[in-house]
Structures are given as C-alpha cells and as structure tokens.
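Below is the file target19.csv, which contains CSV, C-alpha atoms and all ligand atoms.
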```csv
chain,number,residue,atom,x,y,z
A,603,MET,CA,80.1,-94.3,178.4
A,604,LYS,CA,82.0,-95.7,175.4
A,605,HIS,CA,82.9,-99.3,176.2
A,606,LEU,CA,86.4,-100.4,177.2
A,607,VAL,CA,88.7,-103.1,175.8
A,608,ALA,CA,91.1,-105.1,178.0
A,609,PRO,CA,93.4,-107.5,176.1
A,610,SER,CA,94.3,-110.5,178.3
A,611,LEU,CA,98.1,-111.1,178.9
A,612,LEU,CA,97.5,-114.8,179.2
A,613,ALA,CA,97.5,-115.1,175.4
A,614,ALA,CA,100.6,-113.0,174.8
A,615,ASP,CA,103.9,-114.5,173.5
A,616,PHE,CA,105.9,-114.8,176.7
A,617,LEU,CA,109.2,-115.0,174.9
A,618,HIS,CA,108.5,-111.5,173.6
A,619,LEU,CA,106.8,-109.7,176.4
A,620,ARG,CA,108.5,-106.4,175.8
A,621,GLN,CA,107.2,-106.3,172.2
A,622,GLU,CA,103.8,-107.4,173.3
A,623,MET,CA,103.7,-104.6,175.9
A,624,GLU,CA,104.9,-102.0,173.3
A,625,MET,CA,102.0,-103.1,171.1
A,626,ILE,CA,99.6,-102.7,173.9
A,627,ASN,CA,101.0,-99.2,174.8
A,628,GLU,CA,100.6,-98.1,171.2
A,629,SER,CA,97.2,-99.6,170.7
A,630,GLU,CA,93.7,-98.4,171.6
A,631,ALA,CA,93.5,-100.8,174.5
A,632,ASP,CA,92.0,-99.2,177.6
A,633,TRP,CA,93.4,-101.7,180.2
A,634,LEU,CA,95.7,-104.7,180.4
A,635,HIS,CA,93.8,-107.7,181.8
A,636,ILE,CA,96.1,-110.0,184.0
A,637,ASP,CA,95.1,-113.5,184.9
A,638,VAL,CA,96.7,-114.9,188.1
A,639,MET,CA,96.0,-118.7,188.7
A,640,ASP,CA,97.0,-120.9,191.6
A,641,GLY,CA,96.4,-124.4,190.5
A,642,VAL,CA,93.8,-124.8,193.3
A,643,PHE,CA,90.9,-122.5,192.5
A,644,VAL,CA,91.4,-123.3,188.8
A,645,PRO,CA,93.2,-126.3,187.2
A,646,ASN,CA,96.0,-124.3,185.8
A,647,ILE,CA,98.9,-122.0,187.0
A,648,SER,CA,99.8,-118.9,185.0
A,649,PHE,CA,102.3,-116.3,186.4
A,650,GLY,CA,102.9,-114.5,189.6
A,651,PHE,CA,104.2,-111.2,191.1
A,652,PRO,CA,107.8,-111.3,189.8
A,653,VAL,CA,106.5,-111.4,186.2
A,654,LEU,CA,103.9,-108.8,186.9
A,655,GLU,CA,106.4,-106.4,188.4
A,656,ALA,CA,108.4,-106.6,185.2
A,657,ILE,CA,105.3,-105.9,183.1
A,658,ARG,CA,104.2,-103.1,185.4
A,659,ASP,CA,107.4,-101.2,184.6
A,660,ILE,CA,106.8,-101.1,180.9
A,661,CYS,CA,103.0,-101.2,180.5
A,662,ARG,CA,101.4,-97.7,180.4
A,663,LYS,CA,97.8,-99.0,180.5
A,664,PRO,CA,95.9,-99.4,183.8
A,665,LEU,CA,96.2,-103.0,185.1
A,666,ASP,CA,93.0,-105.0,185.6
A,667,VAL,CA,94.1,-107.9,187.8
A,668,HIS,CA,91.9,-111.0,187.8
A,669,LEU,CA,92.8,-113.4,190.7
A,670,MET,CA,91.7,-117.0,190.1
A,671,ILE,CA,93.1,-118.1,193.4
A,672,VAL,CA,91.7,-119.2,196.8
A,673,GLU,CA,91.9,-116.7,199.6
A,674,PRO,CA,92.6,-113.7,197.4
A,675,GLN,CA,92.3,-111.3,200.4
A,676,LYS,CA,95.8,-112.4,201.3
A,677,PHE,CA,97.3,-110.6,198.3
A,678,ILE,CA,95.5,-107.2,198.5
A,679,ASN,CA,98.6,-105.4,199.5
A,680,GLU,CA,100.8,-107.0,196.9
A,681,VAL,CA,98.3,-106.2,194.1
A,682,ALA,CA,98.0,-102.6,195.4
A,683,ALA,CA,101.9,-102.4,195.5
A,684,LEU,CA,101.9,-103.4,191.8
A,685,GLY,CA,99.9,-100.2,191.1
A,686,ALA,CA,96.9,-102.1,189.9
A,687,TYR,CA,93.9,-100.0,188.9
A,688,ILE,CA,91.3,-102.6,189.6
A,689,MET,CA,91.4,-106.0,191.5
A,690,ASN,CA,89.0,-108.8,190.7
A,691,VAL,CA,88.2,-111.5,193.2
A,692,HIS,CA,85.9,-114.4,192.7
A,693,TYR,CA,82.6,-114.6,194.5
A,694,GLU,CA,83.3,-118.3,194.8
A,695,ALA,CA,86.6,-117.7,196.6
A,696,CYS,CA,85.5,-115.3,199.3
A,697,ILE,CA,83.6,-116.3,202.4
A,698,HIS,CA,83.4,-112.7,203.6
A,699,LEU,CA,83.1,-110.9,200.2
A,700,HIS,CA,81.8,-107.7,201.7
A,701,ARG,CA,84.9,-107.4,203.9
A,702,VAL,CA,87.2,-108.2,201.0
A,703,VAL,CA,85.6,-105.6,198.7
A,704,GLY,CA,86.0,-103.0,201.4
A,705,ALA,CA,89.7,-103.9,202.0
A,706,ILE,CA,90.4,-103.6,198.2
A,707,ARG,CA,88.9,-100.1,198.1
A,708,GLU,CA,90.8,-99.1,201.3
A,709,ALA,CA,94.0,-100.2,199.6
A,710,GLY,CA,93.3,-97.6,196.9
A,711,MET,CA,92.0,-99.8,194.1
A,712,LYS,CA,88.7,-100.3,192.4
A,713,ALA,CA,87.0,-103.5,193.6
A,714,ALA,CA,85.5,-106.0,191.2
A,715,VAL,CA,83.7,-109.3,191.9
A,716,THR,CA,83.9,-112.1,189.4
A,717,LEU,CA,81.2,-114.8,188.8
A,718,ASN,CA,81.9,-118.3,187.4
A,719,PRO,CA,79.5,-119.4,184.7
A,720,HIS,CA,77.3,-121.4,187.2
A,721,THR,CA,76.9,-118.5,189.7
A,722,PRO,CA,73.6,-116.5,189.2
A,723,VAL,CA,73.9,-112.7,189.2
A,724,SER,CA,71.3,-112.6,191.9
A,725,MET,CA,74.0,-113.6,194.4
A,726,LEU,CA,75.3,-110.0,194.2
A,727,GLU,CA,72.0,-108.3,194.9
A,728,ASP,CA,73.0,-107.2,198.5
A,729,ILE,CA,76.5,-106.0,197.5
A,730,ILE,CA,76.1,-104.5,194.1
A,731,ARG,CA,76.2,-100.9,195.3
A,732,ASP,CA,79.5,-101.5,197.0
A,733,VAL,CA,81.2,-103.0,193.9
A,734,ASP,CA,82.9,-101.0,191.1
A,735,MET,CA,82.6,-103.7,188.5
A,736,VAL,CA,81.3,-107.2,188.1
A,737,LEU,CA,83.3,-109.6,185.9
A,738,LEU,CA,81.1,-112.3,184.3
A,739,MET,CA,83.1,-115.3,183.2
A,740,SER,CA,81.8,-116.5,179.8
A,741,VAL,CA,84.1,-119.6,180.0
A,742,ASN,CA,85.1,-121.7,182.9
A,743,PRO,CA,88.2,-119.9,184.2
A,744,GLY,CA,91.6,-121.4,183.9
A,745,PHE,CA,92.4,-121.4,180.2
A,746,GLY,CA,92.4,-119.1,177.2
A,747,GLY,CA,91.0,-120.0,173.8
A,748,GLN,CA,87.8,-121.7,175.1
A,749,LYS,CA,84.4,-121.6,173.5
A,750,PHE,CA,82.0,-118.8,174.6
A,751,ILE,CA,79.2,-120.0,176.8
A,752,GLU,CA,76.0,-118.7,175.3
A,753,HIS,CA,74.0,-118.0,178.4
A,754,SER,CA,76.5,-115.2,179.2
A,755,VAL,CA,74.6,-112.7,177.0
A,756,ASP,CA,71.4,-113.2,178.9
A,757,LYS,CA,73.4,-112.9,182.2
A,758,VAL,CA,74.8,-109.5,181.1
A,759,ALA,CA,71.2,-108.4,180.5
A,760,ARG,CA,70.0,-109.6,183.9
A,761,LEU,CA,72.9,-108.0,185.7
A,762,LYS,CA,72.4,-104.7,183.9
A,763,GLU,CA,68.8,-104.8,185.0
A,764,MET,CA,69.8,-105.4,188.6
A,765,ILE,CA,72.4,-102.6,188.5
A,766,LEU,CA,69.8,-100.1,187.2
A,767,SER,CA,67.1,-101.2,189.6
A,768,LYS,CA,69.5,-100.7,192.6
A,769,GLY,CA,70.6,-97.3,191.3
A,770,ALA,CA,74.2,-98.6,191.2
A,771,ASP,CA,76.9,-97.4,188.7
A,772,THR,CA,78.7,-100.8,188.6
A,773,LEU,CA,80.5,-101.7,185.4
A,774,ILE,CA,80.0,-105.0,183.7
A,775,GLU,CA,83.1,-106.8,182.3
A,776,VAL,CA,83.0,-110.1,180.3
A,777,ASP,CA,85.9,-112.5,180.0
A,778,GLY,CA,86.3,-115.6,177.8
A,779,GLY,CA,85.7,-116.4,174.2
A,780,VAL,CA,85.2,-112.7,173.3
A,781,ASN,CA,85.6,-111.8,169.6
A,782,ALA,CA,83.9,-109.3,167.3
A,783,GLU,CA,80.8,-111.4,167.0
A,784,THR,CA,80.3,-112.3,170.7
A,785,GLY,CA,81.6,-108.8,171.7
A,786,ARG,CA,78.8,-107.1,169.7
A,787,ARG,CA,76.1,-109.2,171.4
A,788,LEU,CA,77.6,-108.6,174.9
A,789,LEU,CA,77.6,-104.8,174.3
A,790,ASN,CA,74.1,-104.9,173.1
A,791,ALA,CA,73.1,-106.7,176.3
A,792,GLY,CA,74.8,-104.0,178.4
A,793,ALA,CA,78.5,-104.9,178.8
A,794,ASP,CA,80.9,-102.1,179.5
A,795,VAL,CA,84.3,-103.8,179.3
A,796,LEU,CA,85.4,-106.6,176.9
A,797,VAL,CA,88.4,-108.8,177.8
A,798,ALA,CA,90.0,-110.6,174.9
A,799,GLY,CA,93.0,-112.9,174.9
A,800,ASN,CA,93.3,-115.0,171.8
A,801,TYR,CA,91.2,-112.7,169.6
A,802,VAL,CA,93.8,-110.0,170.2
A,803,PHE,CA,97.2,-111.7,170.7
A,804,LYS,CA,96.9,-114.4,168.1
A,805,ALA,CA,95.7,-112.0,165.4
A,806,GLN,CA,97.8,-111.2,162.4
A,807,ASP,CA,97.3,-107.5,163.1
A,808,GLN,CA,97.0,-107.2,166.9
A,809,LYS,CA,96.4,-103.5,167.0
A,810,GLN,CA,93.7,-103.8,164.4
A,811,ALA,CA,92.0,-106.6,166.4
A,812,ILE,CA,91.9,-104.2,169.4
A,813,LYS,CA,90.5,-101.4,167.2
A,814,ASN,CA,87.9,-103.8,165.9
A,815,LEU,CA,86.6,-104.4,169.4
A,816,LYS,CA,86.8,-100.7,170.2
A,817,GLU,CA,84.7,-99.9,167.1
A,818,LEU,CA,81.9,-102.4,167.9
B,1,LIG,C1,90.4,-117.4,181.5
B,1,LIG,C2,90.9,-116.0,181.7
B,1,LIG,C3,90.7,-115.1,180.5
B,1,LIG,C4,91.4,-115.6,179.2
B,1,LIG,C5,90.5,-115.2,178.1
B,1,LIG,O1,90.5,-118.1,182.7
B,1,LIG,O2,90.3,-115.4,182.8
B,1,LIG,O3,91.1,-113.8,180.8
B,1,LIG,O4,92.7,-115.0,179.1
B,1,LIG,O5,91.1,-115.7,176.9
B,1,LIG,P1,90.2,-115.8,175.5
B,1,LIG,O6,89.8,-114.4,175.2
B,1,LIG,O7,91.2,-116.4,174.6
B,1,LIG,O8,89.1,-116.7,175.8
B,2,ZN,ZN,90.6,-113.1,183.1
```

Re-express the file's structure as structure tokens.
Ligand code: DX5
Ligand code: ZN
Amino acid sequence: MKHLVAPSLLAADFLHLRQEMEMINESEADWLHIDVMDGVFVPNISFGFPVLEAIRDICRKPLDVHLMIVEPQKFINEVAALGAYIMNVHYEACIHLHRVVGAIREAGMKAAVTLNPHTPVSMLEDIIRDVDMVLLMSVNPGFGGQKFIEHSVDKVARLKEMILSKGADTLIEVDGGVNAETGRRLLNAGADVLVAGNYVFKAQDQKQAIKNLKEL
C-alpha cells in the first residue's frame, strides 16, 4: 500500500480555518488529523466538538481523530456522530483497552491505539489483531512543533515486526516532528501514515509540502 499523509489541524491558522480546509480539500492529503486535548492527560487544551462540527461540514477528507484525553471511552458516540473515519485513544488512558477498541468499532469507526514515547510496543502484543492502526507518538503529546524523538524509527521497525509475526494487518501511523527527512526514515522502517503539523501548515507552499510527503 502506498503510504498516507494526514496534516494535523493543530498547526493551522485558526483565524482562517475555511481557507485552510479548502487547501486540504484541494491537496493530496489523505486524511485530516485532529488533536483533541483536555488539559489533564496532556498539559494543553486544543479545541472541542463545536469547532470540529464546523470543520466536518467543509472538510472532504476522512477525519483521523486523536484524543489526548482521560476516559476517551466517554466520547465514542460524539466522535462517531462527527462522522470520523478513525478514532485514536491512548493506551495510557484506557484501563479496559480491549473493551474500548471493540466499542469504537461497534460505533462504525476504525479503532486506533496511540502509544506515548515511553510505552513499549510490546504492550500491544495481545491486542494487535483487534486494532486497525497503532499511532506511535514521536514527541510527547500536547504541543506541535517539537523535536522528533529518535528512538521512534526503531519503534516503528519493532512494531512492524510484531504486526507481521502476528499475521495482523494493522497500520502504523507516526505523529510528531515529521518532515521530509524524518518521514523518509519512518517509511523505510515500515510506517504507513505520516501525520505532519508544522511541516505542512507553516510551509510557504502548503500543498507542495503535502506533495513532498506523499512523494517520499
Ligand atoms: C502533538 C499532536 C500532533 C501535532 C504534531 O500532541 O498529537 O498531532 O499536531 O505537530 P508537528 O508535526 O508540528 O510536530
Ligand atoms: Zn496527533
């Protein structure tokens, strides 16, 4: 499968969201990545459902919703009602991860599990076949524009190995500090989906930045 690119809304110009969404619609982006933060699971607050509903009405790309919140299971119905394609919950935020993943799928969405930089991929061994995608954080979640954590490349390789050895078809997404250089290395290691915030939205030519990532 050709890899996918998911620009991250967090780095968009919030005073010009309509233009930013038009750019995304016209671009080669595969998904729009959406970071919801609660100020508890991560030390920052981003945006919530009223903003996402407005975006959903004008964005023609599938929504990849990344919840950086405690008790994400409480919002499965709301995320489904948004029309999200895939819902990401953090491993570190779910006591009953298997139940949450099942509930996300039952609500009609793809289920993804996100790992913080300190969480080893081995924690997913017993659930990997039930998960549509694993999102590896390559920065500590909460902020855009941070420096890429190097061990992420090796983590992608180890996760890929686990997926193959279990006969699963789980996708690997990476989020944080992704640009053309780190993106290339992540793809070589086995990544399927690249999330990019600053690299795309702060670029002089945003559509070209997306194209650059697509052409890696
Ligand atoms: C970080 C978010 C990321 C962020 C990535 O908590 O999950 O999606 O927007 O931003 P960049 O690509 O600028 O590191
Ligand atoms: Zn994210």

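Nearest residue to Ile729 (chain A), choosing from A:Val681, A:Leu669, A:Leu699, A:Val642 and counting only C-alpha atoms: A:Leu699.
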
Discussion item. Would you pick out the contacts of Asn800 (chain A) at 10 Å or less, using all atoms listed in the file, so that residues sharing its chain but fewer than 6 positions from it are not included, and give the list as number ranges by chain?
Written reply: A: 609-614, 746-748, 778-781, 808

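The residue set within 10 Å of Met689 (chain A), counting all atoms listed in the file and dropping same-chain residues fewer than 3 places from it, reads Ile636, Leu665, Asp666, Val667, His668, Leu669, Pro674, Ile678, Val681, Ala682, Ala686, Val703, Ile706, Arg707, Met711, Lys712, Ala713, Ala714, Val715, Thr716, Asp734 and Met735 of chain A.
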
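Here CA of Ala695 (chain A) and CA of Met639 (chain A) stand 12.3 Å from one another.
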
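Across A:Ile671, A:Leu788, A:Ala770, A:Ile765, the tightest approach to Phe750 (chain A) is made by A:Leu788 when counting only C-alpha atoms.
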
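Closest approach to ligand LIG 1 (chain B) among A:Leu815, A:Val776, A:Met764, A:Ala793 is made by A:Val776 (distances from all atoms listed in the file).
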
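Take the candidates A:Asp794, A:Glu628, A:Glu622, A:Asp777 and check each one against ligand ZN 2 (chain B) using all atoms listed in the file; the shortest distance goes to A:Asp777.
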
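Each of A:Pro743, A:Gly685, A:Pro722, A:Gly769 was compared to Phe651 (chain A) using all atoms listed in the file, and A:Gly685 turns out to be the nearest.
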
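Minimum atom-to-atom distance to ligand ZN 2 (chain B), evaluated using only C-alpha atoms and all ligand atoms, belongs to A:Leu796 out of A:Leu796, A:Val802, A:Leu773, A:Met603.
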
Which protein, DNA or RNA residues are at most 12 Å from (81.2, -118.1, 189.1) in the file's coordinates when you count all atoms listed in the file, listed as a PDB file with C-alpha atoms, keeping the file's coordinate frame?
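Generated output (selection.pdb):
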```pdb
ATOM      1  CA  PHE A 643      90.900-122.500 192.500  1.00  0.00           C
ATOM      2  CA  VAL A 644      91.400-123.300 188.800  1.00  0.00           C
ATOM      3  CA  MET A 670      91.700-117.000 190.100  1.00  0.00           C
ATOM      4  CA  VAL A 691      88.200-111.500 193.200  1.00  0.00           C
ATOM      5  CA  HIS A 692      85.900-114.400 192.700  1.00  0.00           C
ATOM      6  CA  TYR A 693      82.600-114.600 194.500  1.00  0.00           C
ATOM      7  CA  GLU A 694      83.300-118.300 194.800  1.00  0.00           C
ATOM      8  CA  ALA A 695      86.600-117.700 196.600  1.00  0.00           C
ATOM      9  CA  CYS A 696      85.500-115.300 199.300  1.00  0.00           C
ATOM     10  CA  VAL A 715      83.700-109.300 191.900  1.00  0.00           C
ATOM     11  CA  THR A 716      83.900-112.100 189.400  1.00  0.00           C
ATOM     12  CA  LEU A 717      81.200-114.800 188.800  1.00  0.00           C
ATOM     13  CA  ASN A 718      81.900-118.300 187.400  1.00  0.00           C
ATOM     14  CA  PRO A 719      79.500-119.400 184.700  1.00  0.00           C
ATOM     15  CA  HIS A 720      77.300-121.400 187.200  1.00  0.00           C
ATOM     16  CA  THR A 721      76.900-118.500 189.700  1.00  0.00           C
ATOM     17  CA  PRO A 722      73.600-116.500 189.200  1.00  0.00           C
ATOM     18  CA  VAL A 723      73.900-112.700 189.200  1.00  0.00           C
ATOM     19  CA  SER A 724      71.300-112.600 191.900  1.00  0.00           C
ATOM     20  CA  MET A 725      74.000-113.600 194.400  1.00  0.00           C
ATOM     21  CA  LEU A 726      75.300-110.000 194.200  1.00  0.00           C
ATOM     22  CA  VAL A 736      81.300-107.200 188.100  1.00  0.00           C
ATOM     23  CA  LEU A 737      83.300-109.600 185.900  1.00  0.00           C
ATOM     24  CA  LEU A 738      81.100-112.300 184.300  1.00  0.00           C
ATOM     25  CA  MET A 739      83.100-115.300 183.200  1.00  0.00           C
ATOM     26  CA  SER A 740      81.800-116.500 179.800  1.00  0.00           C
ATOM     27  CA  VAL A 741      84.100-119.600 180.000  1.00  0.00           C
ATOM     28  CA  ASN A 742      85.100-121.700 182.900  1.00  0.00           C
ATOM     29  CA  PRO A 743      88.200-119.900 184.200  1.00  0.00           C
ATOM     30  CA  SER A 754      76.500-115.200 179.200  1.00  0.00           C
ATOM     31  CA  LYS A 757      73.400-112.900 182.200  1.00  0.00           C
ATOM     32  CA  ASP A 777      85.900-112.500 180.000  1.00  0.00           C
TER      33      ASP A 777
END
```

Could you model all heavy atoms for region 664-675 of chain A and present them as an mmCIF file, in the frame of the given file?
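Final output, saved to rebuild_37.cif:
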```
data_model
loop_
_atom_site.group_PDB
_atom_site.id
_atom_site.type_symbol
_atom_site.label_atom_id
_atom_site.label_comp_id
_atom_site.auth_asym_id
_atom_site.auth_seq_id
_atom_site.Cartn_x
_atom_site.Cartn_y
_atom_site.Cartn_z
ATOM 1 N N PRO A 664 96.324 -98.969 182.467
ATOM 2 C CA PRO A 664 95.900 -99.400 183.800
ATOM 3 C C PRO A 664 95.791 -100.937 183.862
ATOM 4 O O PRO A 664 95.349 -101.573 182.900
ATOM 5 C CB PRO A 664 94.543 -98.755 183.984
ATOM 6 C CG PRO A 664 94.534 -97.602 183.034
ATOM 7 C CD PRO A 664 95.390 -98.011 181.870
ATOM 8 N N LEU A 665 96.199 -101.511 185.005
ATOM 9 C CA LEU A 665 96.200 -103.000 185.100
ATOM 10 C C LEU A 665 94.863 -103.427 185.790
ATOM 11 O O LEU A 665 94.464 -102.930 186.842
ATOM 12 C CB LEU A 665 97.364 -103.441 185.997
ATOM 13 C CG LEU A 665 98.756 -103.019 185.522
ATOM 14 C CD1 LEU A 665 99.828 -103.585 186.450
ATOM 15 C CD2 LEU A 665 99.008 -103.445 184.073
ATOM 16 N N ASP A 666 94.256 -104.403 185.137
ATOM 17 C CA ASP A 666 93.000 -105.000 185.600
ATOM 18 C C ASP A 666 93.380 -106.437 186.001
ATOM 19 O O ASP A 666 93.572 -107.313 185.172
ATOM 20 C CB ASP A 666 92.066 -105.005 184.332
ATOM 21 C CG ASP A 666 90.820 -105.848 184.466
ATOM 22 O OD1 ASP A 666 90.347 -106.048 185.593
ATOM 23 O OD2 ASP A 666 90.305 -106.286 183.404
ATOM 24 N N VAL A 667 93.538 -106.618 187.323
ATOM 25 C CA VAL A 667 94.100 -107.900 187.800
ATOM 26 C C VAL A 667 92.980 -108.832 188.234
ATOM 27 O O VAL A 667 92.175 -108.515 189.114
ATOM 28 C CB VAL A 667 95.068 -107.613 189.009
ATOM 29 C CG1 VAL A 667 95.598 -108.923 189.568
ATOM 30 C CG2 VAL A 667 96.221 -106.711 188.558
ATOM 31 N N HIS A 668 92.938 -109.990 187.596
ATOM 32 C CA HIS A 668 91.900 -111.000 187.800
ATOM 33 C C HIS A 668 92.550 -112.191 188.561
ATOM 34 O O HIS A 668 93.303 -112.950 187.975
ATOM 35 C CB HIS A 668 91.356 -111.443 186.443
ATOM 36 C CG HIS A 668 90.362 -112.553 186.494
ATOM 37 N ND1 HIS A 668 89.998 -113.271 185.364
ATOM 38 C CD2 HIS A 668 89.644 -113.082 187.519
ATOM 39 C CE1 HIS A 668 89.106 -114.178 185.694
ATOM 40 N NE2 HIS A 668 88.875 -114.098 186.980
ATOM 41 N N LEU A 669 92.235 -112.298 189.856
ATOM 42 C CA LEU A 669 92.800 -113.400 190.700
ATOM 43 C C LEU A 669 91.960 -114.600 190.662
ATOM 44 O O LEU A 669 90.856 -114.580 191.214
ATOM 45 C CB LEU A 669 93.042 -112.875 192.101
ATOM 46 C CG LEU A 669 94.008 -111.712 192.296
ATOM 47 C CD1 LEU A 669 94.151 -111.391 193.778
ATOM 48 C CD2 LEU A 669 95.375 -112.022 191.696
ATOM 49 N N MET A 670 92.446 -115.659 190.042
ATOM 50 C CA MET A 670 91.700 -117.000 190.100
ATOM 51 C C MET A 670 92.463 -117.816 191.101
ATOM 52 O O MET A 670 93.139 -118.793 190.768
ATOM 53 C CB MET A 670 91.770 -117.590 188.686
ATOM 54 C CG MET A 670 90.747 -116.975 187.753
ATOM 55 S SD MET A 670 91.124 -117.331 186.045
ATOM 56 C CE MET A 670 92.228 -115.970 185.727
ATOM 57 N N ILE A 671 92.341 -117.389 192.354
ATOM 58 C CA ILE A 671 93.100 -118.100 193.400
ATOM 59 C C ILE A 671 92.162 -118.151 194.659
ATOM 60 O O ILE A 671 91.218 -117.368 194.799
ATOM 61 C CB ILE A 671 94.353 -117.267 193.830
ATOM 62 C CG1 ILE A 671 94.009 -115.892 194.445
ATOM 63 C CG2 ILE A 671 95.261 -117.060 192.609
ATOM 64 C CD1 ILE A 671 95.217 -115.144 194.990
ATOM 65 N N VAL A 672 92.454 -119.115 195.531
ATOM 66 C CA VAL A 672 91.700 -119.200 196.800
ATOM 67 C C VAL A 672 92.292 -118.104 197.722
ATOM 68 O O VAL A 672 93.441 -117.667 197.569
ATOM 69 C CB VAL A 672 91.859 -120.583 197.466
ATOM 70 C CG1 VAL A 672 91.221 -121.654 196.579
ATOM 71 C CG2 VAL A 672 93.304 -120.925 197.774
ATOM 72 N N GLU A 673 91.491 -117.665 198.653
ATOM 73 C CA GLU A 673 91.900 -116.700 199.600
ATOM 74 C C GLU A 673 92.564 -115.422 199.035
ATOM 75 O O GLU A 673 93.662 -115.038 199.451
ATOM 76 C CB GLU A 673 92.800 -117.287 200.701
ATOM 77 C CG GLU A 673 92.140 -118.495 201.373
ATOM 78 C CD GLU A 673 92.914 -119.016 202.566
ATOM 79 O OE1 GLU A 673 93.925 -119.702 202.387
ATOM 80 O OE2 GLU A 673 92.491 -118.704 203.683
ATOM 81 N N PRO A 674 91.935 -114.815 198.045
ATOM 82 C CA PRO A 674 92.600 -113.700 197.400
ATOM 83 C C PRO A 674 92.829 -112.496 198.314
ATOM 84 O O PRO A 674 93.690 -111.661 198.039
ATOM 85 C CB PRO A 674 91.549 -113.292 196.284
ATOM 86 C CG PRO A 674 90.249 -113.812 196.785
ATOM 87 C CD PRO A 674 90.580 -115.067 197.529
ATOM 88 N N GLN A 675 92.102 -112.456 199.449
ATOM 89 C CA GLN A 675 92.300 -111.300 200.400
ATOM 90 C C GLN A 675 93.721 -111.273 200.929
ATOM 91 O O GLN A 675 94.190 -110.231 201.366
ATOM 92 C CB GLN A 675 91.279 -111.426 201.553
ATOM 93 C CG GLN A 675 91.482 -112.528 202.555
ATOM 94 C CD GLN A 675 90.936 -113.882 202.106
ATOM 95 O OE1 GLN A 675 90.427 -114.036 201.009
ATOM 96 N NE2 GLN A 675 91.066 -114.871 202.968
#
```
